[in-house]
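Quick look at data-v7.pdb (PDB, C-alpha atoms):
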```pdb
ATOM      1  CA  MET J   1      44.876 -21.877  40.657
ATOM      2  CA  THR J   2      43.237 -18.672  41.846
ATOM      3  CA  MET J   3      43.569 -17.079  38.373
ATOM      4  CA  LYS J   4      42.128 -20.097  36.556
ATOM      5  CA  LEU J   5      38.714 -19.970  38.220
ATOM      6  CA  PRO J   6      37.873 -16.356  37.251
ATOM      7  CA  MET J   7      39.225 -16.934  33.727
ATOM      8  CA  MET J   8      37.158 -20.105  33.303
ATOM      9  CA  SER J   9      34.072 -18.270  34.586
ATOM     10  CA  LEU J  10      34.641 -15.499  32.048
ATOM     11  CA  VAL J  11      35.053 -17.964  29.185
ATOM     12  CA  LEU J  12      31.868 -19.800  30.159
ATOM     13  CA  ALA J  13      29.913 -16.553  30.489
ATOM     14  CA  LEU J  14      31.040 -15.390  27.046
ATOM     15  CA  ALA J  15      30.017 -18.703  25.529
ATOM     16  CA  TYR J  16      26.395 -18.019  26.491
ATOM     17  CA  LEU J  17      26.164 -14.506  25.041
ATOM     18  CA  PRO J  18      23.792 -14.232  22.097
ATOM     19  CA  VAL J  19      25.409 -14.076  18.696
ATOM     20  CA  THR J  20      24.612 -10.835  16.892
ATOM     21  CA  HIS J  21      25.223 -10.012  13.275
ATOM     22  CA  ALA J  22      26.701  -6.722  12.243
ATOM     23  CA  ALA J  23      24.253  -4.549  10.413
ATOM     24  CA  ASP J  24      24.972  -3.688   6.799
ATOM     25  CA  LEU J  25      24.226  -0.002   6.157
ATOM     26  CA  ALA J  26      24.307  -0.386   2.364
ATOM     27  CA  ALA J  27      21.860  -3.294   2.506
ATOM     28  CA  GLY J  28      19.699  -1.284   4.904
ATOM     29  CA  ALA J  29      19.639   1.672   2.505
ATOM     30  CA  ALA J  30      18.749  -0.618  -0.403
ATOM     31  CA  LYS J  31      15.931  -2.325   1.517
ATOM     32  CA  ALA J  32      14.678   1.050   2.816
ATOM     33  CA  LYS J  33      14.565   2.334  -0.767
ATOM     34  CA  GLU J  34      12.593  -0.758  -1.811
ATOM     35  CA  VAL J  35      10.172  -0.982   1.133
ATOM     36  CA  CYS J  36      10.134   2.145   3.307
ATOM     37  CA  ALA J  37      11.125   5.233   1.318
ATOM     38  CA  ALA J  38       7.738   5.917  -0.277
ATOM     39  CA  CYS J  39       6.301   6.873   3.121
ATOM     40  CA  HIS J  40       9.275   7.565   5.397
ATOM     41  CA  GLY J  41      11.755   8.917   2.823
ATOM     42  CA  LEU J  42      15.058   7.321   1.889
ATOM     43  CA  ASP J  43      16.837   9.335   4.572
ATOM     44  CA  GLY J  44      14.026   8.803   7.100
ATOM     45  CA  ASN J  45      12.868  12.424   7.057
ATOM     46  CA  SER J  46       9.331  12.034   5.778
ATOM     47  CA  ALA J  47       7.940  15.129   4.082
ATOM     48  CA  SER J  48       4.416  14.190   5.174
ATOM     49  CA  PRO J  49       3.145  14.655   8.729
ATOM     50  CA  ASP J  50       1.151  11.444   8.216
ATOM     51  CA  PHE J  51       4.316   9.316   8.393
ATOM     52  CA  PRO J  52       6.816   9.302  11.258
ATOM     53  CA  LYS J  53      10.337  10.563  10.779
ATOM     54  CA  LEU J  54      12.725   7.663  11.366
ATOM     55  CA  ALA J  55      16.045   9.458  10.896
ATOM     56  CA  GLY J  56      18.082   9.650  14.066
ATOM     57  CA  GLN J  57      15.787   7.346  16.044
ATOM     58  CA  HIS J  58      17.471   4.850  18.340
ATOM     59  CA  ARG J  59      18.397   1.699  16.460
ATOM     60  CA  ASP J  60      17.021  -0.639  19.135
ATOM     61  CA  TYR J  61      13.689   1.234  19.097
ATOM     62  CA  LEU J  62      13.362   0.843  15.322
ATOM     63  CA  GLU J  63      14.312  -2.848  15.482
ATOM     64  CA  LYS J  64      11.773  -3.542  18.231
ATOM     65  CA  ALA J  65       9.011  -1.673  16.426
ATOM     66  CA  LEU J  66       9.580  -3.638  13.204
ATOM     67  CA  ARG J  67       9.868  -6.952  15.076
ATOM     68  CA  ASP J  68       6.576  -6.157  16.845
ATOM     69  CA  TYR J  69       4.767  -5.277  13.603
ATOM     70  CA  LYS J  70       5.644  -8.668  12.052
ATOM     71  CA  PRO J  71       3.456 -10.846  14.331
ATOM     72  CA  GLY J  72       0.903  -8.111  15.042
ATOM     73  CA  ALA J  73       2.057  -7.323  18.593
ATOM     74  CA  ARG J  74       2.137  -3.691  17.459
ATOM     75  CA  LYS J  75      -1.027  -2.814  15.540
ATOM     76  CA  ASN J  76      -0.934  -1.097  12.164
ATOM     77  CA  ALA J  77      -2.264  -2.929   9.130
ATOM     78  CA  ILE J  78      -0.006  -1.108   6.678
ATOM     79  CA  MET J  79       3.172  -1.589   8.703
ATOM     80  CA  ALA J  80       2.300  -5.216   9.453
ATOM     81  CA  GLY J  81       2.108  -5.893   5.727
ATOM     82  CA  PHE J  82       5.492  -4.331   5.045
ATOM     83  CA  ALA J  83       7.191  -5.881   8.098
ATOM     84  CA  ALA J  84       5.867  -9.359   7.278
ATOM     85  CA  GLY J  85       8.235  -9.612   4.320
ATOM     86  CA  LEU J  86      11.329  -8.535   6.241
ATOM     87  CA  THR J  87      13.890 -10.945   7.635
ATOM     88  CA  LEU J  88      15.475 -10.264  11.019
ATOM     89  CA  GLN J  89      18.662  -9.249   9.169
ATOM     90  CA  ASP J  90      16.617  -6.837   7.012
ATOM     91  CA  ILE J  91      15.206  -5.308  10.197
ATOM     92  CA  GLU J  92      18.677  -4.852  11.693
ATOM     93  CA  ASN J  93      19.965  -3.328   8.466
ATOM     94  CA  ILE J  94      17.032  -0.936   8.021
ATOM     95  CA  ALA J  95      17.202   0.163  11.661
ATOM     96  CA  ALA J  96      20.937   0.778  11.363
ATOM     97  CA  HIS J  97      20.412   2.775   8.165
ATOM     98  CA  TYR J  98      17.689   5.050   9.553
ATOM     99  CA  SER J  99      19.361   5.517  12.936
ATOM    100  CA  SER J 100      22.540   6.668  11.168
ATOM    101  CA  GLN J 101      20.713   9.393   9.219
ATOM    102  CA  PRO J 102      20.635  12.957  10.572
ATOM    103  CA  ALA J 103      17.203  14.002  11.788
ATOM    104  CA  VAL J 104      15.619  17.085  10.278
ATOM    105  CA  LEU J 105      13.268  18.394  12.922
ATOM    106  CA  PHE J 106      12.018  21.507  11.190
ATOM    107  CA  THR J 107      12.570  23.681   8.175
ATOM    108  CA  ARG J 108      13.009  27.449   8.301
ATOM    109  CA  TYR J 109      11.074  29.469   5.747
TER
END
```
Same coordinates, now as structure tokens:
Amino acid sequence: MTMKLPMMSLVLALAYLPVTHAADLAAGAAKAKEVCAACHGLDGNSASPDFPKLAGQHRDYLEKALRDYKPGARKNAIMAGFAAGLTLQDIENIAAHYSSQPAVLFTRY
């Protein structure tokens, strides 16, 4: 009897955890090539100082930023336009893709 109560509590707690989908790196790379690469680069290491480098950023940071651009909670007219067409799965995939890329912080001459 004493083992059943903790086990039942664990089962009930797990039942209320949010369901998350695994990110698809290949789909993220494909969507990044289609939507993001022109400014941020396919590998997330933008050659232009006008566009942030996304490679190596934390996945949850990238997901939150894109989710915030969609409804306008984060303000940038260009990014809002691009984010508006992304699904939540696209956002997860793109974030996973860019976070898995090695960051290039500087180039030696």
Decode the PyMOL selection byres ((chain J and resi 83-100) around 7) for the given file into explicit residues and return them as a compact mmCIF listing (two decimals) with C-alpha atoms, in the coordinates of the input.
```
# COMPACT_ATOMS: atom_id res chain seq x y z
CA ALA J 23 24.25 -4.55 10.41
CA ASP J 24 24.97 -3.69 6.80
CA LEU J 25 24.23 0.00 6.16
CA ALA J 27 21.86 -3.29 2.51
CA GLY J 28 19.70 -1.28 4.90
CA ALA J 29 19.64 1.67 2.50
CA LYS J 31 15.93 -2.33 1.52
CA ALA J 32 14.68 1.05 2.82
CA ASP J 43 16.84 9.34 4.57
CA GLY J 44 14.03 8.80 7.10
CA LEU J 54 12.72 7.66 11.37
CA ALA J 55 16.05 9.46 10.90
CA GLY J 56 18.08 9.65 14.07
CA GLN J 57 15.79 7.35 16.04
CA HIS J 58 17.47 4.85 18.34
CA ARG J 59 18.40 1.70 16.46
CA LEU J 62 13.36 0.84 15.32
CA GLU J 63 14.31 -2.85 15.48
CA LEU J 66 9.58 -3.64 13.20
CA TYR J 69 4.77 -5.28 13.60
CA LYS J 70 5.64 -8.67 12.05
CA MET J 79 3.17 -1.59 8.70
CA ALA J 80 2.30 -5.22 9.45
CA GLY J 81 2.11 -5.89 5.73
CA PHE J 82 5.49 -4.33 5.04
CA GLN J 101 20.71 9.39 9.22
CA PRO J 102 20.64 12.96 10.57
```
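The coordinates place CA of Ala73 in chain J at 26.2 Å from CA of Ala30 in chain J.
CA of Phe51 in chain J lies 10.5 Å from CA of Cys36 in chain J.
Pairwise distance (CA of Gly72 in chain J, CA of Leu105 in chain J) equals 29.3 Å.
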